[in-house]
file my_file_13.cif (mmCIF, C-alpha atoms)
data_entry
#
loop_
_atom_site.label_atom_id
_atom_site.label_comp_id
_atom_site.auth_asym_id
_atom_site.auth_seq_id
_atom_site.Cartn_x
_atom_site.Cartn_y
_atom_site.Cartn_z
CA MET A 1 82.81 -45.03 94.25
CA GLY A 2 82.77 -41.30 93.45
CA HIS A 3 82.04 -38.46 95.83
CA ASP A 4 78.68 -37.72 94.16
CA HIS A 5 77.50 -41.32 94.44
CA THR A 6 78.46 -41.43 98.13
CA HIS A 7 76.32 -38.36 98.81
CA THR A 8 73.46 -39.79 96.72
CA HIS A 9 73.52 -43.00 98.76
CA LYS A 10 73.39 -41.03 102.03
CA ARG A 11 70.41 -38.99 100.82
CA LEU A 12 68.60 -42.15 99.68
CA LYS A 13 69.14 -43.71 103.13
CA ILE A 14 67.63 -40.66 104.83
CA THR A 15 64.58 -40.68 102.55
CA ILE A 16 64.03 -44.41 103.24
CA ILE A 17 63.99 -43.78 107.00
CA LEU A 18 61.61 -40.82 106.62
CA ASN A 19 59.24 -42.87 104.44
CA VAL A 20 59.10 -45.71 106.98
CA VAL A 21 58.26 -43.26 109.80
CA ILE A 22 55.54 -41.50 107.75
CA THR A 23 54.02 -44.76 106.56
CA LEU A 24 53.69 -46.27 110.04
CA ALA A 25 52.24 -43.04 111.46
CA GLN A 26 49.69 -42.66 108.64
CA ILE A 27 48.56 -46.29 108.71
CA VAL A 28 47.89 -46.07 112.46
CA GLY A 29 46.23 -42.67 112.04
CA GLY A 30 44.15 -43.86 109.10
CA ILE A 31 42.81 -46.85 111.03
CA ILE A 32 42.00 -44.75 114.11
CA SER A 33 40.42 -41.87 112.18
CA GLY A 34 38.71 -44.04 109.54
CA SER A 35 40.22 -41.98 106.71
CA LEU A 36 40.73 -43.87 103.46
CA ALA A 37 42.63 -40.88 102.03
CA LEU A 38 45.12 -41.13 104.89
CA ILE A 39 45.52 -44.88 104.39
CA SER A 40 45.92 -44.36 100.62
CA ASP A 41 48.61 -41.76 101.30
CA ALA A 42 50.26 -44.24 103.68
CA LEU A 43 50.24 -46.96 101.00
CA HIS A 44 51.61 -44.44 98.55
CA ASN A 45 54.40 -43.64 101.01
CA LEU A 46 55.00 -47.36 101.60
CA SER A 47 55.37 -47.99 97.87
CA ASP A 48 57.67 -45.00 97.60
CA GLY A 49 59.75 -46.22 100.53
CA PHE A 50 60.11 -49.49 98.66
CA ALA A 51 60.87 -47.52 95.48
CA VAL A 52 63.62 -45.52 97.17
CA ALA A 53 65.06 -48.71 98.73
CA LEU A 54 65.14 -50.30 95.26
CA ALA A 55 66.70 -47.13 93.87
CA TYR A 56 69.41 -47.33 96.54
CA ILE A 57 70.16 -51.01 95.84
CA ALA A 58 70.07 -50.48 92.07
CA ASP A 59 72.35 -47.45 92.27
CA ARG A 60 74.87 -49.50 94.26
CA LEU A 61 74.67 -52.37 91.77
CA GLY A 62 74.91 -50.01 88.81
CA ASN A 63 78.36 -48.89 89.97
CA LYS A 64 79.78 -52.38 90.39
CA GLU A 65 82.58 -53.32 88.04
CA LYS A 66 81.82 -55.58 85.06
CA THR A 67 82.98 -59.20 85.15
CA SER A 68 83.71 -61.92 82.61
CA LYS A 69 80.06 -63.01 82.94
CA SER A 70 78.34 -59.63 83.33
CA THR A 71 80.19 -57.89 80.51
CA PHE A 72 77.98 -54.79 80.76
CA GLY A 73 78.20 -54.70 84.54
CA TYR A 74 74.98 -54.21 86.52
CA LYS A 75 73.84 -50.92 85.02
CA ARG A 76 70.50 -52.39 83.90
CA ALA A 77 69.62 -52.94 87.59
CA GLU A 78 68.54 -49.29 87.76
CA ILE A 79 66.15 -49.68 84.82
CA LEU A 80 64.76 -52.91 86.26
CA ALA A 81 64.14 -51.13 89.58
CA ALA A 82 62.28 -48.32 87.81
CA PHE A 83 60.16 -50.89 85.94
CA ILE A 84 59.26 -52.78 89.15
CA ASN A 85 58.41 -49.51 90.93
CA ALA A 86 56.07 -48.53 88.10
CA LEU A 87 54.21 -51.86 88.24
CA ILE A 88 53.78 -51.60 92.01
CA LEU A 89 52.40 -48.08 91.77
CA ILE A 90 49.90 -49.05 89.07
CA ALA A 91 48.63 -51.96 91.20
CA ILE A 92 48.26 -49.70 94.25
CA SER A 93 46.44 -47.05 92.17
CA PHE A 94 43.78 -49.50 90.99
CA TYR A 95 43.37 -50.91 94.52
CA LEU A 96 42.76 -47.42 95.91
CA MET A 97 40.20 -46.69 93.17
CA VAL A 98 38.18 -49.76 94.13
CA GLU A 99 38.30 -48.82 97.82
CA ALA A 100 37.25 -45.24 97.05
CA VAL A 101 34.17 -46.43 95.12
CA LYS A 102 33.24 -48.64 98.09
CA ARG A 103 33.54 -45.64 100.41
CA TYR A 104 31.18 -43.62 98.18
CA ILE A 105 28.60 -46.39 98.54
CA ASP A 106 29.17 -46.74 102.29
CA PRO A 107 30.33 -43.34 103.71
CA GLN A 108 31.97 -43.26 107.14
CA VAL A 109 32.47 -40.58 109.80
CA ILE A 110 36.11 -39.47 109.86
CA ASP A 111 38.21 -37.77 112.54
CA PHE A 112 39.69 -34.86 110.60
CA ARG A 113 42.33 -34.09 113.26
CA TRP A 114 44.36 -37.21 112.45
CA MET A 115 44.12 -36.40 108.74
CA LEU A 116 45.26 -32.82 109.29
CA TRP A 117 48.28 -33.43 111.53
CA LEU A 118 49.54 -36.52 109.73
CA GLY A 119 49.02 -34.78 106.40
CA LEU A 120 51.24 -31.96 107.68
CA LEU A 121 53.82 -34.53 108.78
CA GLY A 122 53.77 -35.99 105.26
CA VAL A 123 54.26 -32.61 103.61
CA VAL A 124 57.23 -31.70 105.84
CA ALA A 125 59.00 -35.08 105.66
CA ASN A 126 58.40 -35.66 101.94
CA GLY A 127 59.25 -32.05 101.15
CA PHE A 128 62.59 -32.54 102.89
CA SER A 129 63.19 -35.77 100.93
CA VAL A 130 62.42 -33.98 97.65
CA PHE A 131 64.92 -31.26 98.63
CA LEU A 132 67.59 -33.91 99.33
CA LEU A 133 67.22 -35.65 95.95
CA HIS A 134 66.55 -32.58 93.80
CA GLY A 135 70.16 -32.24 92.72
CA ASP A 136 70.54 -35.98 91.97
CA GLN A 137 67.40 -36.54 89.87
CA HIS A 138 69.22 -36.07 86.55
CA HIS A 139 71.86 -38.72 87.30
CA SER A 140 69.68 -41.64 86.14
CA LEU A 141 66.12 -42.75 85.39
CA ASN A 142 66.26 -44.73 88.63
CA ILE A 143 66.95 -41.70 90.86
CA LYS A 144 64.47 -39.62 88.85
CA ALA A 145 61.80 -42.27 89.54
CA ALA A 146 62.48 -42.07 93.28
CA TYR A 147 62.41 -38.27 93.13
CA LEU A 148 59.03 -38.26 91.33
CA HIS A 149 57.65 -40.73 93.86
CA LEU A 150 58.58 -38.39 96.71
CA MET A 151 57.27 -35.33 94.90
CA GLY A 152 53.98 -37.17 94.45
CA ASP A 153 53.96 -37.98 98.17
CA ALA A 154 54.31 -34.32 99.11
CA LEU A 155 51.47 -33.32 96.76
CA THR A 156 49.14 -36.09 97.94
CA SER A 157 49.79 -35.11 101.57
CA LEU A 158 48.64 -31.60 100.62
CA ALA A 159 45.47 -33.16 99.20
CA VAL A 160 44.93 -35.00 102.50
CA ILE A 161 45.26 -31.70 104.39
CA ALA A 162 42.73 -30.04 102.07
CA GLY A 163 40.34 -32.96 102.64
CA ALA A 164 40.74 -32.68 106.41
CA ILE A 165 39.91 -28.96 106.30
CA CYS A 166 36.77 -29.64 104.22
CA ILE A 167 35.58 -32.27 106.71
CA TRP A 168 36.36 -29.97 109.63
CA GLN A 169 34.55 -26.94 108.22
CA TRP A 170 31.65 -28.41 106.25
CA ASP A 171 31.39 -32.14 107.16
CA TRP A 172 32.13 -33.11 103.56
CA TYR A 173 32.90 -36.77 104.25
CA TRP A 174 32.66 -37.54 100.54
CA ILE A 175 35.86 -35.56 100.11
CA ASP A 176 37.84 -38.47 101.61
CA PRO A 177 37.24 -40.97 98.74
CA THR A 178 37.46 -38.05 96.28
CA VAL A 179 40.98 -37.22 97.48
CA THR A 180 41.80 -40.93 97.23
CA LEU A 181 40.69 -41.00 93.58
CA LEU A 182 42.72 -37.87 92.80
CA ILE A 183 45.81 -39.49 94.34
CA SER A 184 45.19 -42.63 92.26
CA PHE A 185 44.79 -40.73 88.99
CA TYR A 186 47.89 -38.69 89.75
CA LEU A 187 49.89 -41.86 90.33
CA LEU A 188 48.65 -43.48 87.11
CA PHE A 189 49.43 -40.41 85.02
CA HIS A 190 53.04 -40.14 86.14
CA THR A 191 53.65 -43.87 86.42
CA TYR A 192 52.63 -44.52 82.81
CA LYS A 193 55.55 -42.43 81.51
CA LEU A 194 58.00 -44.21 83.81
CA LEU A 195 56.66 -47.65 82.85
CA LYS A 196 56.77 -46.81 79.14
CA GLU A 197 60.36 -45.57 79.17
CA SER A 198 61.72 -48.38 81.37
CA THR A 199 59.93 -50.99 79.22
CA GLU A 200 61.37 -49.52 76.01
CA ILE A 201 64.89 -49.68 77.46
CA LEU A 202 64.47 -53.26 78.69
CA MET A 203 63.06 -54.26 75.28
CA GLN A 204 66.08 -52.58 73.63
CA PHE A 205 64.01 -50.17 71.57
CA ALA A 206 65.80 -47.32 69.80
CA PRO A 207 65.56 -43.99 71.67
CA PRO A 208 62.52 -41.97 70.54
CA ASN A 209 64.72 -39.14 69.24
CA ILE A 210 66.88 -41.39 67.02
CA LEU A 211 65.42 -43.05 63.91
CA PRO A 212 67.55 -45.99 62.58
CA ASP A 213 66.63 -45.30 58.95
CA GLU A 214 67.77 -41.68 59.23
CA VAL A 215 71.05 -42.71 60.83
CA ALA A 216 71.65 -45.28 58.07
CA LYS A 217 70.95 -42.66 55.37
CA ARG A 218 73.26 -40.17 57.04
CA LEU A 219 76.17 -42.63 57.15
CA SER A 220 75.53 -43.70 53.57
CA LYS A 221 76.06 -40.10 52.40
CA HIS A 222 79.77 -40.50 53.07
CA GLN A 223 81.67 -40.72 49.76
CA LEU A 224 83.32 -44.02 50.71
CA VAL A 225 80.07 -45.69 51.88
CA SER A 226 77.74 -47.46 49.46
CA LYS A 227 75.14 -48.70 51.94
CA THR A 228 74.49 -49.07 55.68
CA TYR A 229 72.31 -51.93 56.85
CA HIS A 230 71.64 -54.30 59.74
CA VAL A 231 71.37 -51.25 61.99
CA HIS A 232 70.70 -51.79 65.71
CA ILE A 233 70.28 -48.93 68.18
CA TRP A 234 69.43 -49.48 71.84
CA ARG A 235 69.92 -48.02 75.29
CA LEU A 236 71.80 -49.90 77.97
CA THR A 237 70.56 -47.33 80.49
CA ASP A 238 68.55 -44.14 80.11
CA LYS A 239 71.83 -42.25 79.46
CA THR A 240 73.89 -44.70 77.37
CA VAL A 241 73.08 -45.39 73.69
CA HIS A 242 74.68 -48.30 71.77
CA PHE A 243 74.93 -48.64 67.99
CA GLU A 244 75.99 -51.38 65.62
CA ALA A 245 75.74 -51.68 61.83
CA HIS A 246 77.20 -53.20 58.68
CA VAL A 247 78.81 -50.62 56.40
CA VAL A 248 79.28 -51.49 52.72
CA LEU A 249 82.20 -49.64 51.10
CA THR A 250 82.17 -48.25 47.55
CA ASN A 251 85.64 -49.72 46.89
CA ASP A 252 87.47 -52.72 48.28
CA GLN A 253 89.91 -51.57 50.97
CA LYS A 254 92.37 -53.11 53.36
CA ILE A 255 91.40 -53.21 57.02
CA SER A 256 94.19 -50.75 57.84
CA GLU A 257 92.76 -48.31 55.29
CA THR A 258 89.35 -48.18 56.98
CA LYS A 259 90.72 -46.53 60.12
CA LEU A 260 90.14 -42.96 58.93
CA LEU A 261 86.68 -43.86 57.59
CA ASN A 262 85.78 -45.43 60.94
CA GLU A 263 86.87 -42.25 62.72
CA ASP A 264 84.71 -40.13 60.38
CA LEU A 265 81.60 -42.27 60.91
CA VAL A 266 82.10 -42.47 64.68
CA LYS A 267 82.41 -38.67 64.80
CA ILE A 268 79.10 -38.30 62.90
CA LEU A 269 77.31 -40.70 65.25
CA LYS A 270 78.65 -39.06 68.39
CA GLU A 271 78.23 -35.42 67.40
CA GLU A 272 74.98 -35.56 65.43
CA PHE A 273 73.10 -38.37 67.23
CA ASN A 274 74.73 -38.42 70.69
CA ILE A 275 75.55 -42.14 70.44
CA GLN A 276 78.32 -43.24 72.82
CA HIS A 277 79.14 -46.90 72.10
CA ILE A 278 79.66 -47.75 68.43
CA THR A 279 80.48 -50.97 66.57
CA LEU A 280 80.87 -50.89 62.78
CA GLN A 281 81.50 -53.89 60.52
CA PHE A 282 82.94 -52.96 57.14
CA GLU A 283 82.18 -54.97 53.98
CA CYS A 284 83.05 -54.57 50.31
CA ASP A 285 80.26 -54.29 47.77
CA GLY A 286 79.46 -57.69 46.26
#

call {"tool": "encode", "arguments": {"input": "my_file_13.cif", "output": "structure tokens"}}
result
Amino acid sequence: MGHDHTHTHKRLKITIILNVVITLAQIVGGIISGSLALISDALHNLSDGFAVALAYIADRLGNKEKTSKSTFGYKRAEILAAFINALILIAISFYLMVEAVKRYIDPQVIDFRWMLWLGLLGVVANGFSVFLLHGDQHHSLNIKAAYLHLMGDALTSLAVIAGAICIWQWDWYWIDPTVTLLISFYLLFHTYKLLKESTEILMQFAPPNILPDEVAKRLSKHQLVSKTYHVHIWRLTDKTVHFEAHVVLTNDQKISETKLLNEDLVKILKEEFNIQHITLQFECDG
């Protein structure tokens, strides 16, 4: 395991511990104070603690060596973790929306002090977690998902603080379900992108910036290529793109003679389309 991955694992462990502490404190505080916004922030933190734990497990699995059975290794574990995290967040968002509507219908008196202090705790702890993972967020979609979760936590804790101040100064108890709805909409907005990308990878869709027809046309422009067909482009992870295709040659050639052609086509795919893993099957016309 590399030095970078070791540090990433340590940072993920710290963020998991911080999330557990914040979640327990906010659930207790939310029950005592009667604040739905605080409980919603606690559930958000709980889901994110689970998300970071999944990210940690998936990152460990993703670096395991491939075997005779798992020929690609366990790299897809990170994408699967991101997909599961997205589904959990969507479910929590809709649950909080329903609870917020109920609170509008039946308002309750809330102790703003619990909201204020536990909101501050959330900002400090989540802000520290965001700082820890900031440098690792570009390593994979999995780590980026955990990072976005924690960034969302810090922002929603700020919303809880703002709600507590409004209740303290003006007795705006309606602000509590309003903050809850804002947190829910925020979660849905960011989770949709994560769910969409992880689903596309799991379904083996071509990356959005690479069109199979354009790639086929580009390869077919080579003077020794008559046609390119049966093109498949997919991502194993968010960083690794695979490509396979049948290439019809203009003239019949020996296998040994296709080496230079293969090198030319591989160079085109790597330099112009940023495709890393390439499999080409050569055929003669007719």

call {"tool": "resolve_selection", "arguments": {"input": "my_file_13.cif", "expression": "the PyMOL selection byres ((chain A and resi 257-259) around 12)", "output": "list in words"}}
result
Leu224, Val225, Val247, Val248, Leu249, Thr250, Asn251, Asp252, Gln253, Lys254, Ile255, Ser256, Leu260, Leu261, Asn262, Glu263, Asp264, Leu265, Val266, Leu280, Gln281, Phe282, Glu283 and Cys284 of chain A

call {"tool": "residues_around", "arguments": {"input": "my_file_13.cif", "residues": "Gln108 of chain A", "least_positions_apart": "3", "cutoff": "8 Å", "atoms": "only C-alpha atoms", "output": "short mmCIF file (atom, residue, chain, number, x, y, z; two decimals) with C-alpha atoms, in the frame of the given file"}}
result
data_model
loop_
_atom_site.label_atom_id
_atom_site.label_comp_id
_atom_site.auth_asym_id
_atom_site.auth_seq_id
_atom_site.Cartn_x
_atom_site.Cartn_y
_atom_site.Cartn_z
CA GLY A 34 38.71 -44.04 109.54
CA ARG A 103 33.54 -45.64 100.41
CA TYR A 173 32.90 -36.77 104.25
#

call {"tool": "closest_residue", "arguments": {"input": "my_file_13.cif", "among": "A:Leu194, A:Ala58, A:Leu12, A:Val231", "to": "Ile210 of chain A", "atoms": "all atoms listed in the file"}}
result
A:Val231

call {"tool": "closest_residue", "arguments": {"input": "my_file_13.cif", "among": "A:His9, A:His44, A:Arg218, A:Lys227", "to": "Thr23 of chain A", "atoms": "only C-alpha atoms"}}
result
A:His44

call {"tool": "resolve_selection", "arguments": {"input": "my_file_13.cif", "expression": "the PyMOL selection byres ((chain A and resi 53) around 9)", "output": "number ranges by chain"}}
result
A: 12-13, 15-16, 48-52, 54-58, 146

call {"tool": "resolve_selection", "arguments": {"input": "my_file_13.cif", "expression": "the PyMOL selection byres ((chain A and resi 275) around 7)", "output": "PyMOL selection string"}}
result
chain A and resi 241-243+269-270+273-274+276-277

call {"tool": "write_last_selection", "arguments": {"input": "my_file_13.cif", "atoms": "C-alpha atoms", "output": "PDB file, in the coordinates of the input"}}
result
ATOM      1  CA  VAL A 241      73.080 -45.390  73.690  1.00  0.00           C
ATOM      2  CA  HIS A 242      74.680 -48.300  71.770  1.00  0.00           C
ATOM      3  CA  PHE A 243      74.930 -48.640  67.990  1.00  0.00           C
ATOM      4  CA  LEU A 269      77.310 -40.700  65.250  1.00  0.00           C
ATOM      5  CA  LYS A 270      78.650 -39.060  68.390  1.00  0.00           C
ATOM      6  CA  PHE A 273      73.100 -38.370  67.230  1.00  0.00           C
ATOM      7  CA  ASN A 274      74.730 -38.420  70.690  1.00  0.00           C
ATOM      8  CA  GLN A 276      78.320 -43.240  72.820  1.00  0.00           C
ATOM      9  CA  HIS A 277      79.140 -46.900  72.100  1.00  0.00           C
TER      10      HIS A 277
END

call {"tool": "residues_around", "arguments": {"input": "my_file_13.cif", "residues": "Tyr186 of chain A", "least_positions_apart": "5", "cutoff": "10 Å", "atoms": "all atoms listed in the file", "output": "mmCIF file with C-alpha atoms, in the coordinates of the input"}}
result
data_model
loop_
_atom_site.group_PDB
_atom_site.id
_atom_site.type_symbol
_atom_site.label_atom_id
_atom_site.label_comp_id
_atom_site.auth_asym_id
_atom_site.auth_seq_id
_atom_site.Cartn_x
_atom_site.Cartn_y
_atom_site.Cartn_z
ATOM 1 C CA SER A 93 46.440 -47.050 92.170
ATOM 2 C CA GLY A 152 53.980 -37.170 94.450
ATOM 3 C CA LEU A 155 51.470 -33.320 96.760
ATOM 4 C CA THR A 156 49.140 -36.090 97.940
ATOM 5 C CA THR A 180 41.800 -40.930 97.230
ATOM 6 C CA LEU A 181 40.690 -41.000 93.580
ATOM 7 C CA THR A 191 53.650 -43.870 86.420
#

call {"tool": "residues_around", "arguments": {"input": "my_file_13.cif", "residues": "Ala91 of chain A", "least_positions_apart": "5", "cutoff": "12 Å", "atoms": "only C-alpha atoms", "output": "count of residues only"}}
result
14

call {"tool": "closest_residue", "arguments": {"input": "my_file_13.cif", "among": "A:Gly122, A:Glu214, A:Ser40, A:Ile278", "to": "Asp153 of chain A", "atoms": "all atoms listed in the file"}}
result
A:Gly122

call {"tool": "decode", "arguments": {"input": "my_file_13.cif", "residues": "segment 147-207 of chain A", "atoms": "C-alpha atoms", "output": "short mmCIF file (atom, residue, chain, number, x, y, z; two decimals), in the first residue's frame"}}
result
data_model
loop_
_atom_site.label_atom_id
_atom_site.label_comp_id
_atom_site.auth_asym_id
_atom_site.auth_seq_id
_atom_site.Cartn_x
_atom_site.Cartn_y
_atom_site.Cartn_z
CA TYR A 147 -15.63 14.77 0.97
CA LEU A 148 -18.88 16.23 -0.43
CA HIS A 149 -20.84 14.56 2.36
CA LEU A 150 -18.66 16.26 4.97
CA MET A 151 -18.77 19.60 3.19
CA GLY A 152 -22.56 19.33 3.20
CA ASP A 153 -22.46 18.57 6.94
CA ALA A 154 -20.49 21.73 7.66
CA LEU A 155 -22.91 23.86 5.61
CA THR A 156 -26.02 22.33 7.19
CA SER A 157 -24.56 22.91 10.66
CA LEU A 158 -24.24 26.59 9.70
CA ALA A 159 -27.93 26.53 8.73
CA VAL A 160 -28.77 25.07 12.16
CA ILE A 161 -26.84 27.91 13.84
CA ALA A 162 -28.71 30.49 11.75
CA GLY A 163 -32.01 28.86 12.73
CA ALA A 164 -31.07 28.91 16.41
CA ILE A 165 -30.26 32.64 16.23
CA CYS A 166 -33.63 33.36 14.56
CA ILE A 167 -35.50 31.46 17.30
CA TRP A 168 -33.45 33.20 19.99
CA GLN A 169 -33.98 36.72 18.66
CA TRP A 170 -37.46 36.63 17.12
CA ASP A 171 -39.14 33.36 18.23
CA TRP A 172 -39.34 32.19 14.61
CA TYR A 173 -40.10 28.54 15.38
CA TRP A 174 -41.11 27.97 11.76
CA ILE A 175 -37.45 28.42 10.86
CA ASP A 176 -36.71 24.93 12.26
CA PRO A 177 -38.66 22.94 9.60
CA THR A 178 -37.54 25.51 7.00
CA VAL A 179 -33.88 24.76 7.74
CA THR A 180 -34.74 21.06 7.57
CA LEU A 181 -36.22 21.49 4.08
CA LEU A 182 -33.19 23.47 2.92
CA ILE A 183 -30.90 20.69 4.16
CA SER A 184 -33.04 18.12 2.32
CA PHE A 185 -33.00 20.03 -0.97
CA TYR A 186 -29.26 20.57 -0.67
CA LEU A 187 -28.73 16.84 -0.18
CA LEU A 188 -30.93 15.92 -3.15
CA PHE A 189 -29.20 18.39 -5.46
CA HIS A 190 -25.71 17.09 -4.79
CA THR A 191 -26.69 13.46 -4.40
CA TYR A 192 -28.33 13.33 -7.84
CA LYS A 193 -24.99 13.99 -9.57
CA LEU A 194 -23.26 11.33 -7.49
CA LEU A 195 -26.02 8.78 -8.12
CA LYS A 196 -26.04 9.53 -11.86
CA GLU A 197 -22.29 9.13 -12.30
CA SER A 198 -21.97 5.99 -10.15
CA THR A 199 -24.95 4.40 -11.96
CA GLU A 200 -23.44 5.15 -15.38
CA ILE A 201 -20.17 3.50 -14.34
CA LEU A 202 -21.90 0.43 -12.90
CA MET A 203 -24.01 0.15 -16.07
CA GLN A 204 -20.80 0.39 -18.14
CA PHE A 205 -21.90 3.47 -20.06
CA ALA A 206 -19.32 5.30 -22.15
CA PRO A 207 -17.89 8.41 -20.43
#
